[in-house]
>>> print(open('final.csv').read())   # CSV, C-alpha atoms and all ligand atoms
chain,number,residue,atom,x,y,z
F,26,MET,CA,7.6,13.1,9.9
F,27,LYS,CA,11.4,13.5,10.5
F,28,LYS,CA,13.3,15.3,7.7
F,29,HIS,CA,16.9,16.1,6.8
F,30,PHE,CA,17.7,19.8,7.2
F,31,LEU,CA,20.7,21.6,5.7
F,32,VAL,CA,21.5,24.8,7.4
F,33,THR,CA,24.2,27.4,6.4
F,34,ALA,CA,25.4,29.7,9.2
F,35,GLY,CA,27.9,32.3,10.2
F,36,PRO,CA,30.0,34.7,8.1
F,37,THR,CA,32.6,33.7,5.5
F,38,HIS,CA,36.2,34.8,5.6
F,39,GLU,CA,37.7,35.9,2.2
F,40,PRO,CA,41.5,36.1,2.5
F,41,LEU,CA,43.3,39.2,1.4
F,42,ASP,CA,46.7,37.8,2.2
F,43,PRO,CA,47.9,35.1,4.7
F,44,VAL,CA,47.0,37.3,7.8
F,45,ARG,CA,44.0,39.3,6.7
F,46,TYR,CA,40.4,38.7,5.4
F,47,LEU,CA,37.2,40.4,4.5
F,48,THR,CA,34.1,39.3,6.3
F,49,ASN,CA,30.5,40.1,7.2
F,50,ARG,CA,29.1,41.0,10.6
F,51,SER,CA,27.5,37.7,11.8
F,52,SER,CA,27.8,35.8,15.0
F,53,GLY,CA,26.2,32.7,13.6
F,54,LYS,CA,23.7,32.5,16.5
F,55,MET,CA,20.6,32.3,14.3
F,56,GLY,CA,21.9,29.4,12.1
F,57,TYR,CA,23.3,27.5,15.1
F,58,ALA,CA,20.0,28.0,17.0
F,59,LEU,CA,18.1,26.6,13.9
F,60,ALA,CA,20.4,23.6,13.6
F,61,GLY,CA,20.2,22.9,17.3
F,62,ALA,CA,16.4,23.2,17.4
F,63,ALA,CA,15.9,21.0,14.3
F,64,ALA,CA,18.2,18.3,15.8
F,65,HIS,CA,16.4,18.6,19.2
F,66,GLU,CA,13.1,18.0,17.4
F,67,GLY,CA,14.6,14.7,16.1
F,68,HIS,CA,15.5,15.8,12.5
F,69,ARG,CA,18.7,15.0,10.8
F,70,VAL,CA,20.8,18.2,10.4
F,71,THR,CA,23.8,19.1,8.3
F,72,LEU,CA,25.3,22.4,9.5
F,73,ILE,CA,27.6,24.1,7.0
F,74,SER,CA,29.2,26.9,8.9
F,75,GLY,CA,31.7,29.7,8.3
F,76,PRO,CA,34.0,30.6,11.2
F,77,CYS,CA,32.1,31.2,14.5
F,78,ASN,CA,32.9,31.1,18.2
F,79,LEU,CA,29.9,29.0,19.1
F,80,ASP,CA,29.6,25.4,20.4
F,81,VAL,CA,28.3,23.0,17.7
F,82,PRO,CA,24.8,21.9,18.8
F,83,ASP,CA,24.5,18.2,19.9
F,84,GLY,CA,23.4,15.8,17.3
F,85,VAL,CA,24.3,17.9,14.2
F,86,ASP,CA,26.6,16.8,11.3
F,87,TYR,CA,29.0,19.8,11.3
F,88,LEU,CA,31.0,20.9,8.2
F,89,PRO,CA,33.2,23.9,8.9
F,90,VAL,CA,34.2,26.1,5.9
F,91,GLU,CA,36.1,29.4,5.6
F,92,THR,CA,35.2,31.0,2.3
F,93,ALA,CA,32.1,31.5,0.2
F,94,ALA,CA,33.6,29.2,-2.5
F,95,GLU,CA,34.1,26.4,0.1
F,96,MET,CA,30.5,26.9,1.4
F,97,TYR,CA,29.3,26.7,-2.2
F,98,HIS,CA,31.0,23.4,-2.8
F,99,ALA,CA,29.9,22.0,0.6
F,100,VAL,CA,26.2,23.0,-0.1
F,101,SER,CA,26.4,21.5,-3.7
F,102,ARG,CA,27.6,18.2,-2.2
F,103,TYR,CA,25.1,17.9,0.6
F,104,ILE,CA,21.9,19.7,-0.5
F,105,GLY,CA,20.7,16.6,-2.5
F,106,LYS,CA,20.3,14.7,0.8
F,107,ALA,CA,18.1,17.4,2.4
F,108,GLN,CA,14.3,17.9,2.3
F,109,VAL,CA,14.6,21.4,3.9
F,110,ALA,CA,17.4,23.9,3.3
F,111,ILE,CA,17.7,27.0,5.4
F,112,PHE,CA,20.3,29.6,4.4
F,113,ALA,CA,21.2,31.7,7.4
F,114,ALA,CA,24.8,32.4,6.5
F,115,ALA,CA,26.0,36.0,5.9
F,116,VAL,CA,28.1,35.1,2.9
F,117,ALA,CA,30.5,37.8,1.7
F,118,ASP,CA,29.3,39.0,-1.7
F,119,TYR,CA,32.8,39.7,-3.0
F,120,ARG,CA,36.3,38.3,-2.6
F,121,PRO,CA,39.7,39.6,-3.5
F,122,VAL,CA,40.8,38.8,-7.1
F,123,ASN,CA,44.4,38.1,-6.2
F,124,VAL,CA,45.6,36.7,-2.9
F,125,PRO,CA,49.3,37.1,-2.5
F,126,GLU,CA,51.3,34.4,-0.7
F,127,GLN,CA,53.1,37.0,1.4
F,128,LYS,CA,51.7,39.7,3.7
F,129,ILE,CA,50.7,42.9,1.9
F,130,LYS,CA,53.2,45.7,3.0
F,131,LYS,CA,52.1,49.2,3.9
F,132,THR,CA,54.1,50.9,1.1
F,133,GLY,CA,51.6,53.5,-0.3
F,134,ASP,CA,49.2,56.0,1.3
F,135,THR,CA,46.3,54.3,-0.4
F,136,LEU,CA,45.7,50.7,-1.3
F,137,THR,CA,43.2,49.6,-3.9
F,138,LEU,CA,41.6,46.1,-3.7
F,139,GLU,CA,40.1,44.5,-6.7
F,140,LEU,CA,37.1,42.3,-5.8
F,141,VAL,CA,35.2,39.7,-7.7
F,142,LYS,CA,31.6,38.5,-7.0
F,143,ASN,CA,31.2,35.3,-5.0
F,144,PRO,CA,28.7,32.7,-6.2
F,145,ASP,CA,25.2,33.2,-4.8
F,146,ILE,CA,24.7,29.9,-2.9
F,147,LEU,CA,21.0,30.3,-2.1
F,148,GLY,CA,20.4,31.6,-5.7
F,149,SER,CA,22.0,28.4,-7.0
F,150,ALA,CA,19.9,26.0,-5.0
F,151,ARG,CA,17.0,25.6,-7.5
F,152,GLU,CA,18.6,26.1,-10.9
F,153,VAL,CA,22.2,24.9,-10.4
F,154,PHE,CA,21.8,22.2,-7.7
F,155,GLY,CA,18.3,21.2,-8.7
F,156,PHE,CA,17.0,21.3,-5.1
F,157,LYS,CA,13.2,20.5,-5.0
F,158,GLY,CA,12.7,20.6,-1.3
F,159,THR,CA,11.6,23.5,1.0
F,160,LEU,CA,13.9,26.5,0.6
F,161,VAL,CA,14.2,29.2,3.2
F,162,GLY,CA,16.3,32.3,2.8
F,163,PHE,CA,17.2,35.2,5.2
F,164,ALA,CA,17.1,38.9,4.3
F,165,ALA,CA,18.8,41.4,6.6
F,166,GLU,CA,17.5,44.7,5.4
F,167,THR,CA,17.8,48.3,6.6
F,168,GLU,CA,14.9,49.7,4.6
F,169,ASN,CA,11.9,48.5,2.6
F,170,VAL,CA,12.2,45.3,4.5
F,171,ILE,CA,9.2,43.4,3.1
F,172,SER,CA,9.5,44.4,-0.5
F,173,ASN,CA,13.3,43.7,-0.6
F,174,ALA,CA,12.7,40.4,1.0
F,175,ARG,CA,9.9,39.5,-1.5
F,176,GLY,CA,12.3,40.4,-4.4
F,177,LYS,CA,14.8,38.0,-2.9
F,178,LEU,CA,12.2,35.3,-2.6
F,179,GLN,CA,11.3,35.6,-6.2
F,180,ARG,CA,14.8,35.8,-7.6
F,181,LYS,CA,16.1,32.9,-5.5
F,182,GLY,CA,13.1,30.6,-5.7
F,183,CYS,CA,12.5,30.4,-1.9
F,184,ASP,CA,9.3,29.2,-0.3
F,185,PHE,CA,9.6,32.0,2.3
F,186,VAL,CA,12.2,34.5,3.4
F,187,VAL,CA,12.9,35.4,7.0
F,188,ALA,CA,13.2,39.1,6.9
F,189,ASN,CA,14.7,41.2,9.7
F,190,ASP,CA,15.2,44.9,10.1
F,191,VAL,CA,18.9,45.2,11.0
F,192,SER,CA,18.6,49.0,11.5
F,193,ARG,CA,17.0,48.2,14.8
F,194,LYS,CA,19.5,48.1,17.7
F,195,ASP,CA,17.6,45.9,20.1
F,196,ILE,CA,17.4,42.8,17.9
F,197,GLY,CA,19.4,40.8,15.3
F,198,PHE,CA,23.2,40.6,14.9
F,199,ASP,CA,24.9,39.7,18.2
F,200,SER,CA,21.6,39.8,20.1
F,201,SER,CA,20.1,36.5,21.4
F,202,GLU,CA,16.7,37.9,20.5
F,203,ASN,CA,15.1,38.7,17.1
F,204,GLU,CA,11.8,39.8,15.7
F,205,VAL,CA,11.2,38.7,12.1
F,206,THR,CA,8.6,38.6,9.4
F,207,LEU,CA,8.2,35.5,7.3
F,208,VAL,CA,7.7,36.8,3.7
F,209,TYR,CA,5.8,34.5,1.4
F,210,ALA,CA,4.9,35.1,-2.3
F,211,GLU,CA,1.4,36.4,-1.4
F,212,HIS,CA,1.4,37.2,2.3
F,213,GLU,CA,3.5,37.8,5.4
F,214,VAL,CA,3.5,36.4,8.9
F,215,THR,CA,5.1,38.5,11.6
F,216,LEU,CA,6.4,36.5,14.5
F,217,PRO,CA,6.7,38.0,18.0
F,218,LYS,CA,10.1,39.2,19.4
F,219,GLU,CA,11.6,36.1,21.0
F,220,ASP,CA,14.9,34.4,21.7
F,221,LYS,CA,16.6,32.8,18.7
F,222,TYR,CA,15.9,29.3,19.9
F,223,GLN,CA,12.1,29.8,20.2
F,224,LEU,CA,12.2,31.7,16.9
F,225,SER,CA,14.0,28.7,15.3
F,226,LEU,CA,11.2,26.3,16.5
F,227,ASP,CA,8.7,28.6,14.8
F,228,ILE,CA,10.7,28.8,11.6
F,229,ILE,CA,11.1,25.0,11.5
F,230,GLU,CA,7.4,24.5,12.1
F,231,LYS,CA,6.6,26.9,9.2
F,232,ALA,CA,9.1,25.2,7.0
F,233,LEU,CA,7.5,21.8,7.7
F,234,GLU,CA,4.0,23.3,6.7
F,235,VAL,CA,5.2,24.3,3.2
F,301,LIG,O1,21.0,38.8,-1.5
F,301,LIG,P1,21.3,38.6,-0.1
F,301,LIG,O2,22.8,38.3,0.2
F,301,LIG,O3,20.9,39.7,0.9
F,301,LIG,O4,20.5,37.3,0.3
F,301,LIG,C1,20.5,36.8,1.6
F,301,LIG,C2,20.2,35.3,1.6
F,301,LIG,O5,21.0,34.7,0.5
F,301,LIG,C3,20.6,34.6,2.8
F,301,LIG,O6,19.7,33.5,3.0
F,301,LIG,C4,22.0,34.2,2.6
F,301,LIG,O7,22.4,33.1,3.4
F,301,LIG,C5,22.0,33.8,1.1
F,301,LIG,N1,23.2,34.0,0.4
F,301,LIG,C6,23.9,32.9,-0.1
F,301,LIG,N2,25.1,33.1,-0.9
F,301,LIG,C7,25.5,34.4,-1.1
F,301,LIG,C8,24.8,35.5,-0.6
F,301,LIG,C9,23.7,35.3,0.1
F,301,LIG,O8,23.5,31.8,0.1
F,301,LIG,N3,26.6,34.5,-1.9
>>> encode(input="final.csv", output="structure tokens", more="lines below")
Ligand code: C5P
Amino acid sequence: MKKHFLVTAGPTHEPLDPVRYLTNRSSGKMGYALAGAAAHEGHRVTLISGPCNLDVPDGVDYLPVETAAEMYHAVSRYIGKAQVAIFAAAVADYRPVNVPEQKIKKTGDTLTLELVKNPDILGSAREVFGFKGTLVGFAAETENVISNARGKLQRKGCDFVVANDVSRKDIGFDSSENEVTLVYAEHEVTLPKEDKYQLSLDIIEKALEV
């Protein structure tokens, strides 16, 4: 049966001043591959994406955003229409408290930034947005990959978490290949190393089995 997918992708940009921002290392490739694969399989797809240098896949409803706050509002508006939500965005955890209207000048030898926590978008899906569909999160870990991912699964109410070990140089980040483990509440499924499009088809299939 065809479903409506909501996918978040890419980094967010948190402005420091009119010319600078804080961000996360993310190409957006995984989220765009997921959105493209779901659309290619005939599903309806809403892609909510932070700034990326990627072509928007065919057949996808595309909603560009800049900041975590904008992504939060976009997800809160559109998640009610989806049956499957996959959160592949690398959202900045913090943003600057004050954003001056003018460029910050290099007057001192040190500069202290005060940051405030951004909303956890995935963590809001169940309790704040009331999402009842299939919820998939991502976990980029450098150690204790499975146990950290399972903690995330429980805290955020996911059906499964796609865990990848970002300490490995050959996969993840800018790479077009990835090797991940799907972490469920009671078990894990390790997928083979494959390109992000094939991996997307596997993740979509698993999401439709939940
Ligand atoms: O806790 P952590 O940020 O590592 O969790 C990663 C998962 O949570 C990813 O699926 C990411 O898209 C999502 N996330 C989010 N909003 C945030 C932070 C993370 O949706 N502010």
>>> residues_near_ligand(input="final.csv", ligand="ligand LIG 301 (chain F)", cutoff="10 Å", atoms="all atoms listed in the file", output="JSON, numbers by chain")
{"F": [32, 33, 34, 35, 36, 37, 56, 93, 94, 96, 97, 100, 110, 111, 112, 113, 114, 115, 116, 117, 118, 119, 142, 143, 144, 145, 146, 147, 148, 149, 150, 160, 161, 162, 163, 164, 165, 166, 173, 174, 176, 177, 178, 180, 181, 183, 186, 187, 188]}
>>> closest_residue(input="final.csv", among="F:Val85, F:Thr132, F:Leu233, F:Arg151", to="F:Ala62", atoms="only C-alpha atoms")
F:Val85
>>> closest_residue(input="final.csv", among="F:Ile73, F:Leu79, F:Val141, F:Met26", to="F:Ser52", atoms="only C-alpha atoms")
F:Leu79
>>> atom_distance(input="final.csv", atom1="atom CA of F:Pro40", atom2="atom CA of F:Val124")
6.8 Å
>>> atom_distance(input="final.csv", atom1="atom CA of F:Ser192", atom2="atom CA of F:Glu213")
19.8 Å
>>> closest_residue(input="final.csv", among="F:Glu91, F:Asp83, F:Asp134, F:Glu211", to="F:Leu47", atoms="all atoms listed in the file")
F:Glu91
>>> closest_residue(input="final.csv", among="F:Lys157, F:Lys221, F:His38, F:Arg120", to="F:Ile104", atoms="all atoms listed in the file")
F:Lys157
>>> closest_residue(input="final.csv", among="F:Val90, F:Leu224, F:Val122, F:Val191", to="F:Leu207", atoms="all atoms listed in the file")
F:Leu224
>>> atom_distance(input="final.csv", atom1="atom CA of F:Ala232", atom2="atom CA of F:Gln108")
10.1 Å
>>> closest_residue(input="final.csv", among="F:Asn169, F:Thr135, F:Asn203, F:Thr159", to="F:Thr215", atoms="only C-alpha atoms")
F:Asn203
>>> residues_around(input="final.csv", residues="F:Val44", least_positions_apart="3", cutoff="9 Å", atoms="all atoms listed in the file", output="MDAnalysis selection string")
chainID F and resid 40:41 127:129
